[in-house]
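Undergrad: Would you mind keeping the following structure in view while I ask a few things?
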Amino acid sequence: MRRTRRHRRSLRTRLAALTATAALLATGGALVASTAQGTTTSAGERTASAAEVVGRHWLDERTVDLTVRSPAVGADVPVRVLLPDSYAGAPDRERPVLYLLHGAHDDHTSWTRETDVEEFLADKEVITVMPSAGPTGIPTDWWNFGRRGADYETFQLDEVTGLLREEFHAGPARAVAGVSTGGYGALAIAARRPGTFAAAASYSGILDTTATGMRTVVGAIVAREGQLPAALWGSAVLQQANWSAHNPYRLADRLRGTHLYVSQGSGLPSDDSGNLEGAVLEGTLWSQARKFVDRLDDLGVPVRSHLYRGGTHAWTAWRAEFETSWPTLATGLGLDPAR
């Protein structure tokens with residue numbers, strides 16, 4: 001059953017790609033305004049209390065879904081944790097942490113639903129965490145028109161990190177990898193918080209948010225979830241400084257010292273004729289990925305990159321890219337990259 005589920009094309013993935021692509025080709029339509037993505041309380045009602053785990057659901061002996069009451073987000077947020085085989089026999093052993101970030105219009109279950117990370121990481125001495133970033137999959141602090149919005153960056157980096165120490169004796173070494181908007185998040189938060197992650201990997205991520213067409217892509221992702229695009233980081237003109245402060249391309253020099261892996265396909269022509277939408281979406285990210293890698297090279301920041309012809313914006317490519325990037329991530333985590 002596991003193999004059948006892994007190889008079946010996810011309807012959610014195809015619908016997300018189709019919707020985002022359609023948004024690139026059309027404008028207009030009424031949008032529903034909202035104060036903050038995924039919040040259940042207003043900013044004034046939030047407290048400064050620490051995040052806490054308010055629910056635990058064990059799927060098996062290695063996988064647990066946590067429900068975290070997050071002051072930063074203002075809601076109860078799901079987090080999936082995957083433990084190594086060795087954990088049961090040595091729960092007090094300090095282990096590094098690998099963050100796996102999901103993409104747009106998906107959730108914290110995507111990595112275990114779409115890949116074989118359970119099997120691949122079973123013998124690795126690492127605690128793997130898959131936190132939600134809300135429906136857009138953008139782990140950021142929402143501008144929310146100048147009022148406090150949902151802050152998924154603080155949730156993932158501060159709140160989840162602290163809870164992992166308390167719950168699973170997690171150590172300080174961390175690495176992060178993500179697909180699509182999660183790929184954006186992996187490099188954006190690594191650059192915004194230098195030294196937080198020893199390694200970061202992006203698979204088909206948005207790496208220059210102000211490159212040609214990228215504001216439209218970001219806006220389409222936000223709009224699909226019923227949000228006004230300006231709620232994310234504000235107007236790209238009036239709040240230009242805020243956009244720059246969240247743009248991996250502009251922050252590339254702050255990635256110095258981080259082990260980096262970047263992969264991106266060109267989309268069309270694609271060898272996957274059944275996913276034209278995914279090929280088109282992948283192609284919209286091609287030039288900005290090349291520009292980002294070139295900027296790292298110009299800055300003298302080492303990066304391992306795989307910029308390949310074809311491909312689609314889908315797990316068919318990302319599964320292989322994760323395993324290819326493992327030596328980069330393992331090195332940052334202090335693990336043997338050959339295992």
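Residue numbering restarts at 1 in every chain; chains get A, B, ... in the order shown in the structure tokens, and ligands count up from 1 in that same order.
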Among the residues of segment 70-183 of chain A, find those DSSP assigns to strand (DSSP E or B) from the backbone and print them as a PyMOL selection string.
TA: chain A and resi 70+75-82+95-101+127-131+141+151+170-179
Undergrad: Keeping N, CA, C and O atoms for every residue in the selection just given, could you write it to a file as a short mmCIF file (atom, residue, chain, number, x, y, z; two decimals), in the first residue's frame?
TA:
data_model
loop_
_atom_site.label_atom_id
_atom_site.label_comp_id
_atom_site.auth_asym_id
_atom_site.auth_seq_id
_atom_site.Cartn_x
_atom_site.Cartn_y
_atom_site.Cartn_z
N SER A 70 0.35 27.92 19.62
CA SER A 70 1.40 28.86 19.26
C SER A 70 0.99 30.31 19.47
O SER A 70 0.12 30.82 18.75
N ALA A 75 -2.81 30.39 17.02
CA ALA A 75 -3.67 29.25 16.72
C ALA A 75 -2.99 27.98 17.20
O ALA A 75 -1.81 27.97 17.55
N ASP A 76 -3.73 26.89 17.19
CA ASP A 76 -3.16 25.57 17.39
C ASP A 76 -2.66 25.07 16.05
O ASP A 76 -3.42 25.02 15.07
N VAL A 77 -1.38 24.71 15.98
CA VAL A 77 -0.72 24.40 14.71
C VAL A 77 -0.19 22.97 14.75
O VAL A 77 0.44 22.56 15.73
N PRO A 78 -0.41 22.18 13.69
CA PRO A 78 0.07 20.79 13.67
C PRO A 78 1.54 20.68 13.28
O PRO A 78 2.05 21.45 12.46
N VAL A 79 2.20 19.72 13.88
CA VAL A 79 3.61 19.43 13.61
C VAL A 79 3.78 17.92 13.60
O VAL A 79 3.35 17.24 14.54
N ARG A 80 4.41 17.38 12.56
CA ARG A 80 4.71 15.95 12.53
C ARG A 80 6.18 15.74 12.88
O ARG A 80 7.05 16.45 12.36
N VAL A 81 6.45 14.78 13.73
CA VAL A 81 7.82 14.46 14.14
C VAL A 81 8.10 13.00 13.79
O VAL A 81 7.29 12.11 14.10
N LEU A 82 9.24 12.78 13.16
CA LEU A 82 9.68 11.43 12.78
C LEU A 82 10.98 11.12 13.53
O LEU A 82 11.96 11.86 13.42
N ARG A 95 20.29 14.47 19.70
CA ARG A 95 20.38 14.25 18.26
C ARG A 95 20.14 15.56 17.53
O ARG A 95 19.39 16.42 18.01
N PRO A 96 20.72 15.72 16.35
CA PRO A 96 20.45 16.91 15.54
C PRO A 96 19.03 16.85 14.97
O PRO A 96 18.36 15.82 15.04
N VAL A 97 18.61 17.97 14.39
CA VAL A 97 17.23 18.10 13.91
C VAL A 97 17.23 18.49 12.43
O VAL A 97 17.93 19.41 12.01
N LEU A 98 16.41 17.78 11.66
CA LEU A 98 16.19 18.10 10.26
C LEU A 98 14.77 18.61 10.08
O LEU A 98 13.80 17.92 10.41
N TYR A 99 14.64 19.84 9.59
CA TYR A 99 13.34 20.41 9.27
C TYR A 99 13.01 20.10 7.81
O TYR A 99 13.83 20.35 6.92
N LEU A 100 11.81 19.59 7.54
CA LEU A 100 11.32 19.38 6.18
C LEU A 100 10.06 20.22 6.01
O LEU A 100 9.05 20.00 6.70
N LEU A 101 10.11 21.18 5.09
CA LEU A 101 9.03 22.15 4.92
C LEU A 101 8.17 21.83 3.71
O LEU A 101 8.69 21.51 2.64
N ILE A 127 16.49 13.66 14.38
CA ILE A 127 15.07 13.88 14.62
C ILE A 127 14.55 14.75 13.48
O ILE A 127 15.09 15.83 13.22
N THR A 128 13.52 14.28 12.81
CA THR A 128 12.98 15.01 11.66
C THR A 128 11.65 15.64 12.05
O THR A 128 10.77 14.98 12.59
N VAL A 129 11.53 16.94 11.78
CA VAL A 129 10.31 17.66 12.13
C VAL A 129 9.71 18.29 10.89
O VAL A 129 10.41 18.84 10.04
N MET A 130 8.39 18.16 10.76
CA MET A 130 7.65 18.69 9.61
C MET A 130 6.56 19.61 10.13
O MET A 130 5.42 19.20 10.36
N PRO A 131 6.88 20.90 10.35
CA PRO A 131 5.90 21.83 10.93
C PRO A 131 5.02 22.45 9.86
O PRO A 131 5.44 22.65 8.71
N ASP A 141 6.62 35.83 8.66
CA ASP A 141 5.82 36.68 9.54
C ASP A 141 4.97 37.59 8.64
O ASP A 141 5.49 38.43 7.93
N ASP A 151 2.84 34.61 12.58
CA ASP A 151 4.30 34.59 12.45
C ASP A 151 4.78 33.14 12.46
O ASP A 151 5.12 32.58 13.50
N ALA A 170 16.23 17.15 21.73
CA ALA A 170 16.89 17.57 20.49
C ALA A 170 18.10 18.44 20.77
O ALA A 170 18.11 19.25 21.70
N GLY A 171 19.14 18.26 19.96
CA GLY A 171 20.36 19.03 20.11
C GLY A 171 20.33 20.32 19.32
O GLY A 171 19.36 20.63 18.62
N PRO A 172 21.41 21.09 19.36
CA PRO A 172 21.45 22.41 18.70
C PRO A 172 21.71 22.36 17.20
O PRO A 172 21.42 23.34 16.51
N ALA A 173 22.27 21.27 16.68
CA ALA A 173 22.58 21.21 15.25
C ALA A 173 21.30 21.04 14.45
O ALA A 173 20.49 20.15 14.74
N ARG A 174 21.13 21.89 13.42
CA ARG A 174 19.90 21.86 12.63
C ARG A 174 20.19 22.06 11.15
O ARG A 174 21.11 22.78 10.77
N ALA A 175 19.35 21.43 10.33
CA ALA A 175 19.37 21.63 8.89
C ALA A 175 17.93 21.75 8.43
O ALA A 175 17.00 21.30 9.12
N VAL A 176 17.73 22.35 7.24
CA VAL A 176 16.37 22.57 6.76
C VAL A 176 16.32 22.34 5.26
O VAL A 176 17.27 22.65 4.53
N ALA A 177 15.22 21.75 4.80
CA ALA A 177 15.01 21.53 3.37
C ALA A 177 13.52 21.70 3.09
O ALA A 177 12.68 21.43 3.95
N GLY A 178 13.20 22.16 1.87
CA GLY A 178 11.80 22.36 1.55
C GLY A 178 11.53 22.34 0.07
O GLY A 178 12.44 22.55 -0.75
N VAL A 179 10.27 22.08 -0.27
CA VAL A 179 9.82 22.06 -1.66
C VAL A 179 8.97 23.29 -1.93
O VAL A 179 8.21 23.74 -1.07
#
Undergrad: Which residues come within 8 Å of Trp315 of chain A, counting only C-alpha atoms, excluding same-chain residues fewer than 4 positions away, as a count of residues only?
TA: 3
Undergrad: Would you please extract all helix (DSSP H, G or I) residues from segment 123-168 of chain A, as assigned by DSSP on the backbone, and give them as a PyMOL selection string?
TA: chain A and resi 144-146+152-168
Undergrad: Any chance you can output those residues with N, CA, C and O atoms as a CSV table (one decimal), in the first residue's frame?
TA:
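This is the output file result_28.csv:
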chain,number,residue,atom,x,y,z
A,144,ASN,N,0.3,41.8,7.4
A,144,ASN,CA,-1.1,42.0,7.8
A,144,ASN,C,-1.5,43.5,7.9
A,144,ASN,O,-2.1,43.9,8.9
A,145,PHE,N,-1.0,44.2,6.9
A,145,PHE,CA,-1.4,45.7,6.8
A,145,PHE,C,-0.9,46.5,8.0
A,145,PHE,O,-1.6,47.4,8.4
A,146,GLY,N,0.3,46.1,8.4
A,146,GLY,CA,0.9,46.9,9.5
A,146,GLY,C,0.5,46.4,10.9
A,146,GLY,O,1.0,46.9,11.9
A,152,TYR,N,4.8,32.5,11.3
A,152,TYR,CA,5.2,31.2,11.1
A,152,TYR,C,6.8,31.0,11.3
A,152,TYR,O,7.3,29.9,11.6
A,153,GLU,N,7.5,32.1,11.0
A,153,GLU,CA,8.9,32.0,11.2
A,153,GLU,C,9.3,31.8,12.6
A,153,GLU,O,10.1,30.9,13.0
A,154,THR,N,8.7,32.6,13.5
A,154,THR,CA,9.0,32.5,14.9
A,154,THR,C,8.5,31.2,15.4
A,154,THR,O,9.1,30.5,16.3
A,155,PHE,N,7.3,30.7,14.9
A,155,PHE,CA,6.8,29.5,15.3
A,155,PHE,C,7.7,28.3,15.0
A,155,PHE,O,8.1,27.5,15.9
A,156,GLN,N,8.2,28.3,13.8
A,156,GLN,CA,9.1,27.2,13.4
A,156,GLN,C,10.5,27.2,14.1
A,156,GLN,O,11.0,26.2,14.5
A,157,LEU,N,11.0,28.4,14.1
A,157,LEU,CA,12.4,28.5,14.6
A,157,LEU,C,12.6,28.6,16.1
A,157,LEU,O,13.6,28.1,16.6
A,158,ASP,N,11.7,29.3,16.7
A,158,ASP,CA,11.8,29.5,18.2
A,158,ASP,C,10.9,28.5,19.0
A,158,ASP,O,11.4,27.8,19.8
A,159,GLU,N,9.6,28.5,18.7
A,159,GLU,CA,8.7,27.7,19.4
A,159,GLU,C,8.9,26.2,19.2
A,159,GLU,O,9.0,25.5,20.2
A,160,VAL,N,8.9,25.8,18.0
A,160,VAL,CA,9.1,24.4,17.7
A,160,VAL,C,10.4,23.9,18.2
A,160,VAL,O,10.5,22.8,18.8
A,161,THR,N,11.5,24.7,18.0
A,161,THR,CA,12.8,24.3,18.5
A,161,THR,C,12.8,24.0,20.0
A,161,THR,O,13.4,23.0,20.5
A,162,GLY,N,12.2,24.9,20.7
A,162,GLY,CA,12.2,24.8,22.2
A,162,GLY,C,11.4,23.5,22.6
A,162,GLY,O,11.8,22.8,23.5
A,163,LEU,N,10.3,23.3,21.9
A,163,LEU,CA,9.5,22.1,22.3
A,163,LEU,C,10.2,20.8,21.9
A,163,LEU,O,10.0,19.8,22.6
A,164,LEU,N,11.0,20.8,20.8
A,164,LEU,CA,11.7,19.6,20.5
A,164,LEU,C,12.8,19.3,21.5
A,164,LEU,O,13.0,18.1,21.8
A,165,ARG,N,13.4,20.3,22.1
A,165,ARG,CA,14.3,20.1,23.2
A,165,ARG,C,13.6,19.4,24.4
A,165,ARG,O,14.1,18.5,25.0
A,166,GLU,N,12.4,20.0,24.7
A,166,GLU,CA,11.7,19.5,25.9
A,166,GLU,C,11.2,18.0,25.7
A,166,GLU,O,11.2,17.2,26.6
A,167,GLU,N,10.6,17.8,24.5
A,167,GLU,CA,9.9,16.6,24.2
A,167,GLU,C,10.9,15.4,23.8
A,167,GLU,O,10.6,14.3,24.2
A,168,PHE,N,11.9,15.7,23.1
A,168,PHE,CA,12.7,14.7,22.5
A,168,PHE,C,14.2,14.8,22.7
A,168,PHE,O,15.0,14.2,22.0
Undergrad: Env of Tyr184 of chain A: 9 Å cut, atoms = only C-alpha atoms, seq-sep filter 4 positions within chain, self excluded. Answer as an MDAnalysis selection string.
TA: chainID A and resid 138:139 178:180 188:189 202:209 247:248
Undergrad: For segment 257-266 of chain A, find every residue with an atom within 6 Å (counting only C-alpha atoms), except residues of its own chain fewer than 6 positions away, and show them as a list in words.
TA: Ala198, Ala199, Ala200, Ala201, Ser202, Tyr203, Ser204, Gly283, Trp286, Val303, Arg304, Ser305, His306, Leu307, Tyr308, Arg309, Gly310 and Gly311 of chain A
Undergrad: What's the separation between atom CA of Trp58 of chain A and atom CA of His105 of chain A, in Å to one decimal place?
TA: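 A separation of 24.4 Å between them.
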Undergrad: I'd like the interatomic distance between atom CA of Leu121 of chain A and atom CA of Thr328 of chain A, to a tenth of an Å.
TA: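 Straight-line distance from atom CA of Leu121 of chain A to atom CA of Thr328 of chain A works out to 14.6 Å.
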Undergrad: Between atom CA of Arg250 of chain A and atom CA of Ala320 of chain A, what is the distance, to one decimal in Å?
TA: 28.4 Å
